[in-house]
>>> print(open('protein06.csv').read())   # CSV, C-alpha atoms (C1' of nucleotides)
chain,number,residue,atom,x,y,z
A,1,MET,CA,-16.8,78.2,-7.0
A,2,PRO,CA,-14.1,75.6,-7.5
A,3,ALA,CA,-11.3,74.7,-5.0
A,4,GLY,CA,-13.3,76.2,-2.2
A,5,PHE,CA,-14.4,73.1,-0.3
A,6,SER,CA,-17.7,74.8,0.2
A,7,SER,CA,-18.3,77.5,2.7
A,8,SER,CA,-17.1,75.5,5.7
A,9,ASP,CA,-17.5,76.7,9.2
A,10,ALA,CA,-15.2,75.2,11.7
A,11,ASP,CA,-18.2,73.2,12.9
A,12,GLU,CA,-18.3,71.1,9.7
A,13,LEU,CA,-15.0,69.3,10.4
A,14,LEU,CA,-16.3,68.4,13.8
A,15,LEU,CA,-19.4,67.0,12.3
A,16,ALA,CA,-17.3,65.1,9.9
A,17,GLU,CA,-15.2,63.6,12.7
A,18,ARG,CA,-18.3,62.3,14.4
A,19,GLN,CA,-19.5,60.8,11.1
A,20,VAL,CA,-16.1,59.1,10.7
A,21,GLN,CA,-16.4,57.7,14.2
A,22,ALA,CA,-19.9,56.5,13.4
A,23,LYS,CA,-18.6,54.9,10.2
A,24,LEU,CA,-15.7,53.2,11.9
A,25,GLY,CA,-17.7,52.2,15.0
A,26,GLU,CA,-19.5,49.8,12.7
A,27,LEU,CA,-16.3,47.9,12.1
A,28,GLU,CA,-15.3,45.1,14.3
A,29,GLY,CA,-12.3,45.7,16.6
A,30,GLY,CA,-10.8,48.6,14.7
A,31,ASP,CA,-8.2,50.7,16.4
A,32,ALA,CA,-9.3,54.2,17.4
A,33,ILE,CA,-8.5,56.9,14.8
A,34,ASP,CA,-6.3,59.8,15.5
A,35,LEU,CA,-8.6,62.7,15.3
A,36,ASP,CA,-5.9,65.3,16.0
A,37,ALA,CA,-3.9,64.0,13.1
A,38,LEU,CA,-7.0,63.9,10.9
A,39,ALA,CA,-7.8,67.5,11.7
A,40,ALA,CA,-4.2,68.8,11.3
A,41,VAL,CA,-3.6,67.0,8.0
A,42,SER,CA,-6.9,67.7,6.4
A,43,ASN,CA,-6.5,71.4,7.2
A,44,ILE,CA,-3.1,71.5,5.6
A,45,PHE,CA,-4.7,70.2,2.4
A,46,ARG,CA,-7.7,72.5,2.6
A,47,VAL,CA,-5.6,75.6,3.2
A,48,ALA,CA,-3.0,74.7,0.5
A,49,SER,CA,-5.7,74.1,-2.1
A,50,THR,CA,-7.7,77.1,-1.3
A,51,ALA,CA,-4.7,79.4,-1.1
A,52,ARG,CA,-3.3,78.1,-4.4
A,53,TYR,CA,-6.5,78.8,-6.1
A,54,HIS,CA,-6.6,82.3,-4.5
A,55,PHE,CA,-3.1,83.1,-5.7
A,56,GLU,CA,-3.9,82.0,-9.2
A,57,ARG,CA,-7.1,84.0,-9.5
A,58,LYS,CA,-6.0,87.2,-7.6
A,59,VAL,CA,-2.3,87.5,-8.4
A,60,LEU,CA,-1.0,85.3,-11.2
A,61,VAL,CA,-3.8,85.6,-13.7
A,62,ASP,CA,-2.6,89.2,-14.5
A,63,HIS,CA,0.7,87.8,-15.7
A,64,ASP,CA,-0.7,84.6,-17.3
A,65,LEU,CA,1.2,82.3,-15.0
A,66,SER,CA,0.1,79.1,-13.4
A,67,PHE,CA,1.1,78.5,-9.8
A,68,THR,CA,3.7,76.0,-10.8
A,69,ALA,CA,5.1,78.2,-13.5
A,70,PHE,CA,5.5,80.9,-10.9
A,71,THR,CA,7.2,78.5,-8.5
A,72,VAL,CA,9.7,77.5,-11.2
A,73,LEU,CA,10.3,81.1,-12.2
A,74,TRP,CA,10.8,82.0,-8.6
A,75,VAL,CA,13.5,79.3,-8.1
A,76,LEU,CA,15.3,80.5,-11.2
A,77,TRP,CA,15.0,84.1,-10.0
A,78,ILE,CA,16.4,83.5,-6.6
A,79,TRP,CA,19.0,80.8,-7.3
A,80,GLY,CA,20.1,81.6,-10.8
A,81,GLU,CA,20.8,79.3,-13.8
A,82,GLN,CA,20.8,75.6,-13.1
A,83,GLU,CA,20.3,72.2,-14.5
A,84,SER,CA,16.9,70.8,-15.3
A,85,ARG,CA,16.7,67.9,-12.8
A,86,HIS,CA,17.8,70.2,-9.9
A,87,LEU,CA,15.2,72.8,-10.9
A,88,ALA,CA,12.5,70.1,-10.9
A,89,ALA,CA,13.5,68.9,-7.4
A,90,GLU,CA,13.6,72.4,-6.1
A,91,SER,CA,10.2,73.2,-7.5
A,92,GLY,CA,8.6,70.0,-6.2
A,93,ILE,CA,7.7,68.5,-9.6
A,94,SER,CA,8.9,65.7,-11.7
A,95,LYS,CA,11.3,66.2,-14.5
A,96,GLY,CA,8.7,65.3,-17.1
A,97,THR,CA,6.4,67.9,-15.8
A,98,LEU,CA,9.2,70.5,-15.8
A,99,THR,CA,9.7,70.0,-19.6
A,100,GLY,CA,6.1,71.1,-20.2
A,101,VAL,CA,6.3,74.0,-17.8
A,102,ILE,CA,9.5,75.2,-19.3
A,103,ARG,CA,7.9,75.0,-22.7
A,104,THR,CA,5.2,77.3,-21.5
A,105,LEU,CA,7.6,79.7,-19.9
A,106,GLU,CA,9.7,79.8,-23.1
A,107,LYS,CA,6.6,80.9,-25.0
A,108,GLY,CA,6.4,83.9,-22.8
A,109,SER,CA,10.1,84.6,-23.1
A,110,LEU,CA,10.5,84.4,-19.4
A,111,VAL,CA,13.0,81.6,-19.4
A,112,GLU,CA,15.7,80.4,-21.8
A,113,ARG,CA,17.3,77.1,-22.2
A,114,ARG,CA,20.7,76.0,-23.5
A,115,THR,CA,22.8,72.8,-23.5
A,116,HIS,CA,25.6,72.5,-21.0
A,117,PRO,CA,28.8,73.2,-22.9
A,118,ALA,CA,30.7,70.4,-21.3
A,119,ASP,CA,28.0,67.8,-21.0
A,120,GLY,CA,25.6,67.4,-23.8
A,121,ARG,CA,23.0,65.5,-21.7
A,122,LEU,CA,22.4,68.5,-19.4
A,123,ALA,CA,20.0,71.4,-20.0
A,124,LEU,CA,20.7,74.7,-18.3
A,125,LEU,CA,17.7,76.9,-17.6
A,126,LYS,CA,18.0,80.6,-16.9
A,127,ILE,CA,15.5,83.4,-16.3
A,128,THR,CA,15.5,86.1,-19.0
A,129,ASN,CA,15.5,89.9,-18.5
A,130,ASP,CA,11.8,89.9,-19.2
A,131,GLY,CA,11.5,87.2,-16.5
A,132,GLU,CA,13.4,89.3,-14.0
A,133,ARG,CA,11.2,92.3,-14.7
A,134,THR,CA,8.1,90.2,-14.2
A,135,MET,CA,9.3,88.9,-10.9
A,136,GLU,CA,10.3,92.3,-9.7
A,137,LYS,CA,6.8,93.5,-10.2
A,138,LEU,CA,5.0,90.2,-9.3
A,139,PHE,CA,6.8,89.0,-6.2
A,140,PRO,CA,6.0,92.1,-4.0
A,141,VAL,CA,2.3,91.6,-4.8
A,142,PHE,CA,2.6,87.9,-4.2
A,143,ASN,CA,4.1,88.5,-0.8
A,144,GLN,CA,1.5,91.1,0.1
A,145,THR,CA,-1.1,88.5,-0.6
A,146,GLU,CA,0.8,86.1,1.6
A,147,ALA,CA,0.6,88.7,4.3
A,148,ALA,CA,-3.1,89.3,3.7
A,149,ILE,CA,-4.1,85.7,4.0
A,150,THR,CA,-2.1,85.3,7.3
A,151,SER,CA,-3.3,88.7,8.6
A,152,GLY,CA,-5.3,86.9,11.2
A,153,LEU,CA,-2.1,85.7,12.9
A,154,GLN,CA,0.4,87.6,14.9
A,155,SER,CA,4.0,87.5,13.7
A,156,GLU,CA,4.9,85.1,16.5
A,157,GLU,CA,2.0,82.8,15.4
A,158,LYS,CA,3.2,82.8,11.8
A,159,ARG,CA,6.6,81.7,13.0
A,160,GLU,CA,5.0,79.0,15.1
A,161,LEU,CA,2.9,77.8,12.2
A,162,ALA,CA,6.0,77.6,10.0
A,163,ASN,CA,7.9,75.7,12.7
A,164,LEU,CA,5.1,73.2,13.2
A,165,LEU,CA,5.0,72.6,9.5
A,166,ARG,CA,8.8,72.3,9.3
A,167,ARG,CA,8.6,69.5,11.8
A,168,VAL,CA,6.0,67.7,9.7
A,169,LEU,CA,8.2,68.2,6.7
A,170,THR,CA,11.2,66.7,8.5
A,171,ILE,CA,9.3,63.5,9.1
A,172,LEU,CA,8.0,63.4,5.5
A,173,GLU,CA,11.5,63.8,4.1
A,174,GLY,CA,12.6,60.9,6.2
A,175,ASP,CA,10.1,59.1,4.1
A,176,ALA,CA,8.1,57.6,7.0
B,177,MET,CA,12.4,62.2,-6.9
B,178,PRO,CA,9.5,64.3,-7.8
B,179,ALA,CA,7.4,66.4,-5.5
B,180,GLY,CA,10.2,66.5,-3.0
B,181,PHE,CA,11.4,70.0,-3.2
B,182,SER,CA,14.9,68.6,-2.8
B,183,SER,CA,16.3,67.5,0.5
B,184,SER,CA,15.8,70.8,2.3
B,185,ASP,CA,17.2,71.5,5.6
B,186,ALA,CA,15.6,74.3,7.6
B,187,ASP,CA,18.6,76.3,6.6
B,188,GLU,CA,17.7,76.5,3.0
B,189,LEU,CA,14.6,78.6,3.5
B,190,LEU,CA,16.6,81.1,5.5
B,191,LEU,CA,19.1,81.3,2.7
B,192,ALA,CA,16.3,81.8,0.3
B,193,GLU,CA,14.9,84.6,2.4
B,194,ARG,CA,18.3,86.4,2.3
B,195,GLN,CA,18.4,85.9,-1.5
B,196,VAL,CA,14.9,87.4,-1.7
B,197,GLN,CA,16.0,90.4,0.3
B,198,ALA,CA,19.0,90.9,-1.9
B,199,LYS,CA,16.9,90.7,-5.0
B,200,LEU,CA,14.4,93.2,-3.6
B,201,GLY,CA,17.0,95.4,-2.2
B,202,GLU,CA,18.0,96.2,-5.7
B,203,LEU,CA,14.6,97.7,-6.3
B,204,GLU,CA,14.0,101.4,-5.7
B,205,GLY,CA,11.8,102.2,-2.7
B,206,GLY,CA,10.0,98.9,-2.4
B,207,ASP,CA,8.2,98.1,0.8
B,208,ALA,CA,9.8,95.5,3.1
B,209,ILE,CA,8.6,92.0,2.5
B,210,ASP,CA,6.8,90.0,5.2
B,211,LEU,CA,9.3,87.2,5.9
B,212,ASP,CA,7.1,85.5,8.5
B,213,ALA,CA,4.2,85.3,6.0
B,214,LEU,CA,6.6,84.1,3.4
B,215,ALA,CA,7.9,81.3,5.6
B,216,ALA,CA,4.4,80.3,6.8
B,217,VAL,CA,2.8,80.2,3.4
B,218,SER,CA,5.6,78.5,1.5
B,219,ASN,CA,5.8,75.8,4.2
B,220,ILE,CA,2.0,75.2,3.8
B,221,PHE,CA,2.6,74.5,0.1
B,222,ARG,CA,5.7,72.4,0.6
B,223,VAL,CA,4.1,70.2,3.2
B,224,ALA,CA,0.8,69.8,1.3
B,225,SER,CA,2.6,68.9,-1.9
B,226,THR,CA,5.0,66.5,-0.2
B,227,ALA,CA,2.3,64.9,1.9
B,228,ARG,CA,0.0,64.4,-1.1
B,229,TYR,CA,2.7,62.7,-3.0
B,230,HIS,CA,3.5,60.5,0.1
B,231,PHE,CA,-0.1,59.4,0.4
B,232,GLU,CA,-0.4,58.6,-3.3
B,233,ARG,CA,2.7,56.5,-3.3
B,234,LYS,CA,2.4,54.8,0.1
B,235,VAL,CA,-1.3,54.3,0.6
B,236,LEU,CA,-3.5,55.0,-2.4
B,237,VAL,CA,-1.5,53.2,-5.1
B,238,ASP,CA,-2.6,49.9,-3.6
B,239,HIS,CA,-6.2,50.7,-4.4
B,240,ASP,CA,-5.5,52.5,-7.7
B,241,LEU,CA,-6.9,55.8,-6.4
B,242,SER,CA,-5.6,59.3,-7.0
B,243,PHE,CA,-5.6,61.7,-4.1
B,244,THR,CA,-8.5,63.5,-5.6
B,245,ALA,CA,-10.5,60.4,-6.3
B,246,PHE,CA,-10.0,59.4,-2.7
B,247,THR,CA,-11.2,62.8,-1.5
B,248,VAL,CA,-14.3,62.5,-3.5
B,249,LEU,CA,-15.0,59.0,-2.3
B,250,TRP,CA,-14.4,60.1,1.3
B,251,VAL,CA,-17.0,62.8,1.0
B,252,LEU,CA,-19.5,60.4,-0.4
B,253,TRP,CA,-18.7,57.8,2.3
B,254,ILE,CA,-19.1,60.3,5.1
B,255,TRP,CA,-21.9,62.4,3.9
B,256,GLY,CA,-23.9,60.0,1.7
B,257,GLU,CA,-25.6,60.5,-1.7
B,258,GLN,CA,-25.6,64.1,-3.0
B,259,GLU,CA,-25.8,66.3,-6.0
B,260,SER,CA,-22.8,66.8,-8.3
B,261,ARG,CA,-22.2,70.5,-7.7
B,262,HIS,CA,-22.3,70.1,-4.0
B,263,LEU,CA,-19.9,67.2,-4.1
B,264,ALA,CA,-17.5,69.2,-6.2
B,265,ALA,CA,-17.6,72.1,-3.8
B,266,GLU,CA,-17.1,69.8,-0.8
B,267,SER,CA,-14.1,68.1,-2.6
B,268,GLY,CA,-12.5,71.4,-3.5
B,269,ILE,CA,-12.6,70.8,-7.3
B,270,SER,CA,-14.5,72.3,-10.2
B,271,LYS,CA,-17.6,70.6,-11.5
B,272,GLY,CA,-15.8,70.0,-14.8
B,273,THR,CA,-13.1,68.2,-13.0
B,274,LEU,CA,-15.5,66.2,-11.0
B,275,THR,CA,-17.1,64.8,-14.2
B,276,GLY,CA,-13.8,63.2,-15.1
B,277,VAL,CA,-13.1,61.9,-11.6
B,278,ILE,CA,-16.5,60.3,-11.3
B,279,ARG,CA,-16.0,58.7,-14.7
B,280,THR,CA,-12.8,57.1,-13.2
B,281,LEU,CA,-14.5,56.0,-10.1
B,282,GLU,CA,-17.4,54.5,-12.0
B,283,LYS,CA,-14.9,52.4,-14.0
B,284,GLY,CA,-13.9,50.9,-10.7
B,285,SER,CA,-17.5,50.4,-9.6
B,286,LEU,CA,-16.9,52.5,-6.5
B,287,VAL,CA,-19.5,55.1,-7.3
B,288,GLU,CA,-22.8,55.1,-9.1
B,289,ARG,CA,-24.7,57.9,-10.7
B,290,ARG,CA,-28.4,58.5,-11.3
B,291,THR,CA,-30.6,61.4,-12.4
B,292,HIS,CA,-32.6,63.2,-9.8
B,293,PRO,CA,-36.2,61.8,-10.1
B,294,ALA,CA,-37.8,65.2,-9.7
B,295,ASP,CA,-35.3,67.4,-11.5
B,296,GLY,CA,-33.8,66.1,-14.7
B,297,ARG,CA,-30.9,68.6,-14.5
B,298,LEU,CA,-29.4,67.2,-11.4
B,299,ALA,CA,-27.1,64.2,-11.0
B,300,LEU,CA,-27.0,62.2,-7.8
B,301,LEU,CA,-23.8,60.5,-6.9
B,302,LYS,CA,-23.6,57.6,-4.4
B,303,ILE,CA,-20.9,55.3,-3.1
B,304,THR,CA,-21.4,51.6,-3.9
B,305,ASN,CA,-21.0,48.6,-1.6
B,306,ASP,CA,-17.6,48.0,-3.2
B,307,GLY,CA,-16.8,51.6,-2.4
B,308,GLU,CA,-17.9,51.2,1.2
B,309,ARG,CA,-15.7,48.2,1.6
B,310,THR,CA,-12.8,50.0,0.0
B,311,MET,CA,-13.1,52.9,2.4
B,312,GLU,CA,-13.5,50.6,5.4
B,313,LYS,CA,-10.2,49.1,4.6
B,314,LEU,CA,-8.5,52.2,3.2
B,315,PHE,CA,-9.4,54.9,5.7
B,316,PRO,CA,-7.8,53.3,8.8
B,317,VAL,CA,-4.5,53.0,6.9
B,318,PHE,CA,-4.9,56.5,5.6
B,319,ASN,CA,-5.4,57.8,9.1
B,320,GLN,CA,-2.5,55.8,10.4
B,321,THR,CA,-0.3,57.6,7.9
B,322,GLU,CA,-1.7,60.9,9.0
B,323,ALA,CA,-0.7,60.0,12.5
B,324,ALA,CA,2.8,58.9,11.2
B,325,ILE,CA,3.6,62.1,9.4
B,326,THR,CA,2.6,64.2,12.4
B,327,SER,CA,4.2,61.9,14.9
B,328,GLY,CA,6.8,64.5,15.6
B,329,LEU,CA,4.1,66.7,17.2
B,330,GLN,CA,2.3,66.3,20.5
B,331,SER,CA,-1.4,66.0,20.5
B,332,GLU,CA,-1.7,69.5,21.8
B,333,GLU,CA,0.6,70.7,19.0
B,334,LYS,CA,-1.5,69.0,16.3
B,335,ARG,CA,-4.6,70.8,17.6
B,336,GLU,CA,-2.7,74.1,17.6
B,337,LEU,CA,-1.5,73.5,14.0
B,338,ALA,CA,-5.1,72.8,13.0
B,339,ASN,CA,-6.3,75.9,14.8
B,340,LEU,CA,-3.7,78.1,13.1
B,341,LEU,CA,-4.6,76.7,9.7
B,342,ARG,CA,-8.3,77.2,10.4
B,343,ARG,CA,-7.7,80.9,11.1
B,344,VAL,CA,-5.9,81.2,7.8
B,345,LEU,CA,-8.8,79.4,6.1
B,346,THR,CA,-11.3,81.8,7.7
B,347,ILE,CA,-9.5,84.8,6.0
B,348,LEU,CA,-9.3,82.9,2.7
B,349,GLU,CA,-13.0,82.1,2.7
B,350,GLY,CA,-13.7,85.7,3.3
B,351,ASP,CA,-11.9,86.0,-0.1
B,352,ALA,CA,-9.4,88.6,1.1
C,353,DA,C1',-49.4,78.2,-22.9
C,354,DC,C1',-45.2,80.3,-24.2
C,355,DT,C1',-41.2,82.5,-24.4
C,356,DA,C1',-37.2,84.3,-21.7
C,357,DT,C1',-34.2,83.4,-18.0
C,358,DA,C1',-31.7,80.7,-14.9
C,359,DT,C1',-29.5,76.4,-13.5
C,360,DC,C1',-27.3,72.0,-14.0
C,361,DG,C1',-23.8,68.6,-15.7
C,362,DT,C1',-21.0,67.6,-19.7
C,363,DT,C1',-17.8,68.7,-23.2
C,364,DC,C1',-13.9,71.2,-25.1
C,365,DG,C1',-9.2,73.1,-25.3
C,366,DC,C1',-5.4,73.8,-22.7
C,367,DT,C1',-2.0,73.2,-18.9
C,368,DT,C1',-0.2,70.4,-15.2
C,369,DC,C1',1.1,66.1,-13.3
C,370,DC,C1',3.0,61.4,-12.9
C,371,DA,C1',5.5,56.9,-14.2
C,372,DA,C1',7.6,54.5,-17.7
C,373,DA,C1',9.8,54.1,-22.0
C,374,DC,C1',13.0,56.3,-25.1
C,375,DG,C1',17.1,58.4,-27.6
C,376,DA,C1',21.2,60.8,-26.8
C,377,DT,C1',25.3,61.5,-24.3
C,378,DT,C1',28.9,60.4,-21.1
C,379,DC,C1',31.6,57.4,-18.4
C,380,DC,C1',34.1,53.3,-17.3
C,381,DA,C1',36.1,48.8,-17.7
C,382,DG,C1',39.0,46.0,-20.2
D,383,DC,C1',39.3,52.6,-28.0
D,384,DT,C1',35.6,50.3,-27.8
D,385,DG,C1',31.6,48.1,-25.8
D,386,DG,C1',28.3,48.2,-21.8
D,387,DA,C1',26.3,50.8,-18.1
D,388,DA,C1',24.7,54.9,-16.2
D,389,DT,C1',22.6,59.5,-16.5
D,390,DC,C1',20.1,63.1,-18.5
D,391,DG,C1',16.0,65.5,-20.7
D,392,DT,C1',12.2,64.4,-23.7
D,393,DT,C1',8.2,61.9,-25.1
D,394,DT,C1',4.1,59.2,-24.3
D,395,DG,C1',-0.3,57.8,-22.3
D,396,DG,C1',-3.5,58.7,-19.0
D,397,DA,C1',-5.6,61.3,-15.2
D,398,DA,C1',-6.4,65.7,-13.0
D,399,DG,C1',-7.3,70.6,-13.2
D,400,DC,C1',-9.4,75.0,-14.8
D,401,DG,C1',-12.7,78.3,-17.5
D,402,DA,C1',-15.8,78.9,-21.0
D,403,DA,C1',-19.1,77.3,-24.1
D,404,DC,C1',-22.8,74.0,-24.7
D,405,DG,C1',-27.2,71.4,-24.6
D,406,DA,C1',-30.9,69.9,-21.6
D,407,DT,C1',-34.0,70.9,-18.1
D,408,DA,C1',-36.7,73.7,-15.1
D,409,DT,C1',-38.8,78.2,-13.6
D,410,DA,C1',-40.7,82.7,-14.3
D,411,DG,C1',-43.3,86.2,-16.2
D,412,DT,C1',-46.8,87.5,-19.1
>>> encode(input="protein06.csv", output="structure tokens")
Amino acid sequence: MPAGFSSSDADELLLAERQVQAKLGELEGGDAIDLDALAAVSNIFRVASTARYHFERKVLVDHDLSFTAFTVLWVLWIWGEQESRHLAAESGISKGTLTGVIRTLEKGSLVERRTHPADGRLALLKITNDGERTMEKLFPVFNQTEAAITSGLQSEEKRELANLLRRVLTILEGDA
Amino acid sequence: MPAGFSSSDADELLLAERQVQAKLGELEGGDAIDLDALAAVSNIFRVASTARYHFERKVLVDHDLSFTAFTVLWVLWIWGEQESRHLAAESGISKGTLTGVIRTLEKGSLVERRTHPADGRLALLKITNDGERTMEKLFPVFNQTEAAITSGLQSEEKRELANLLRRVLTILEGDA
DNA sequence: ACTATATCGTTCGCTTCCAAACGATTCCAG
DNA sequence: CTGGAATCGTTTGGAAGCGAACGATATAGT
């Protein structure tokens, strides 16, 4: 079972923290480590990785879409036709990666590309009718799965989780 | 700027939510979407992706390590020598992927592999002395960066963030 | 003992992912 | 208008990522 991080009880992270302390205790004069930051950040990565794998296996496989391809298609669906570099930034991938993803999406007739009429350097990407129909079927299922994996949280807690994450994102986008 | 999701104010997600509602409003008789789940889950992905990119560029590049290679090395550092499939599960990757990552780590003399003396099918992976020294230097910096990107949160908030994420993880590991 | 069966790590084909180099196009200075 | 500089998307090379198929090894059952 890949991308699962093993069947980890909450205890395991605590054990890991003690192991880290033991490892760093061996060093001379090192500053104490921030265990709260360690726990928060590593859980972000664990949840993201596990959830991504979950979405790909349970939702996207039926439509032959990778998680990234879905993200790109989602951006085009919501925001409409746009230039390549903007789509890449909005999807969180490099422009080089986008070229390959668009190639894949074009094979499935979900996206079409054209050259900007006034500027030959630019490429305009647009979702096709097939792509629209796919998203109209797919997104509700995707969102139901989002609801399912957060079903252990009250609505207020989901909002709080989102807010805490947004505050981390603010720091990250300040590049520090 | 890859893996950045564009410079997104908190406003942008709200705009996206309205766009989603408009898109789904066009459909006949669809159930309402869970906006709280949408916000929580998409922020998990955004933060994880942005943070991963940040770590690779600011911390790991100095040691020629990918994020995944660092994760694998960290597991070996903390938990000691172990079998391949266990290491893969603990690192959140498939065993096929691990083969390649180990190959990369072996090139850098950070990890060594041997066959299990009592069972010829098993491979035992162990961190080398070079690997130990690398982690002793690298991990404190890594943790300082974890502290930096969560510096907008109080200690209590970091623990709460970790707890909320653990509860999502519990549902995910139940595979539902 | 011997033949199925199961398990393990590797290999294979494909997609994703990045930075860097590249060709094409546009813009600007003179 | 004509060079140089800037900008754009694509290509390239290499690593990561998966599932599936594969050989090698070990374990049962008979």
>>> residues_around(input="protein06.csv", residues="DT394 of chain D", least_positions_apart="3", cutoff="12 Å", atoms="only C-alpha atoms (C1' of nucleotides)", output="list in words")
Gly96 of chain A; DC370, DA371, DA372, DA373 and DC374 of chain C
>>> residues_around(input="protein06.csv", residues="Leu164 of chain A", least_positions_apart="5", cutoff="8 Å", atoms="only C-alpha atoms (C1' of nucleotides)", output="PyMOL selection string")
chain B and resi 329+333+337
>>> residues_near_point(input="protein06.csv", point="(-14.2, 75.8, -17.9)", cutoff="9 Å", atoms="all atoms listed in the file", output="list in words")
Ser270, Lys271 and Gly272 of chain B; DC364 of chain C; DC400, DG401, DA402 and DA403 of chain D
>>> write_last_selection(input="protein06.csv", atoms="C-alpha atoms (C1' of nucleotides)", output="PDB file, keeping the file's coordinate frame")
ATOM      1  CA  SER B 270     -14.500  72.300 -10.200  1.00  0.00           C
ATOM      2  CA  LYS B 271     -17.600  70.600 -11.500  1.00  0.00           C
ATOM      3  CA  GLY B 272     -15.800  70.000 -14.800  1.00  0.00           C
TER       4      GLY B 272
ATOM      5  C1'  DC C 364     -13.900  71.200 -25.100  1.00  0.00           C
TER       6       DC C 364
ATOM      7  C1'  DC D 400      -9.400  75.000 -14.800  1.00  0.00           C
ATOM      8  C1'  DG D 401     -12.700  78.300 -17.500  1.00  0.00           C
ATOM      9  C1'  DA D 402     -15.800  78.900 -21.000  1.00  0.00           C
ATOM     10  C1'  DA D 403     -19.100  77.300 -24.100  1.00  0.00           C
TER      11       DA D 403
END
>>> interface_residues(input="protein06.csv", of="chain B", to="chain D", cutoff="7 Å", atoms="all atoms listed in the file", output="list of chain:residue names")
B:Thr273, B:Gly296, B:Arg297
>>> atom_distance(input="protein06.csv", atom1="atom CA of Thr150 of chain A", atom2="atom CA of Ala213 of chain B")
6.4 Å
>>> interface_residues(input="protein06.csv", of="chain C", to="chain B", cutoff="10 Å", atoms="all atoms listed in the file", output="list of chain:residue names")
C:DT359, C:DC360, C:DG361, C:DT362, C:DT363, C:DC370
>>> closest_residue(input="protein06.csv", among="A:Phe70, A:Gln21, A:Lys107, A:Ile33", to="chain B", atoms="all atoms listed in the file")
A:Ile33
>>> residues_around(input="protein06.csv", residues="Arg222 of chain B", least_positions_apart="4", cutoff="8 Å", atoms="all atoms listed in the file", output="number ranges by chain")
A: 92, 169; B: 181, 218, 226
>>> closest_residue(input="protein06.csv", among="A:Ser109, A:Gln82, A:Ser66, A:Thr71", to="chain B", atoms="all atoms listed in the file")
A:Thr71
>>> atom_distance(input="protein06.csv", atom1="atom CA of Arg279 of chain B", atom2="atom CA of Leu249 of chain B")
12.4 Å
>>> residues_near_point(input="protein06.csv", point="(-13.0, 49.9, 3.9)", cutoff="12 Å", atoms="all atoms listed in the file", output="VMD selection string")
(chain A and resid 20 23 to 24 26 to 28 30) or (chain B and resid 239 246 249 to 250 253 286 303 to 318)
>>> closest_residue(input="protein06.csv", among="A:Glu146, A:Ala118, A:Thr104, A:Leu87", to="Ala69 of chain A", atoms="all atoms listed in the file")
A:Thr104
>>> closest_residue(input="protein06.csv", among="A:Phe45, A:Glu17, A:Ala51, A:Ile93", to="DC369 of chain C", atoms="only C-alpha atoms (C1' of nucleotides)")
A:Ile93
>>> atom_distance(input="protein06.csv", atom1="atom CA of Ala265 of chain B", atom2="atom CA of Leu15 of chain A")
17.0 Å
>>> closest_residue(input="protein06.csv", among="A:Glu12, A:Leu124, A:Glu112, A:Leu38", to="chain B", atoms="all atoms listed in the file")
A:Leu38
>>> closest_residue(input="protein06.csv", among="B:Val248, B:Leu190, B:Ala198, B:Ala215", to="chain A", atoms="all atoms listed in the file")
B:Ala215
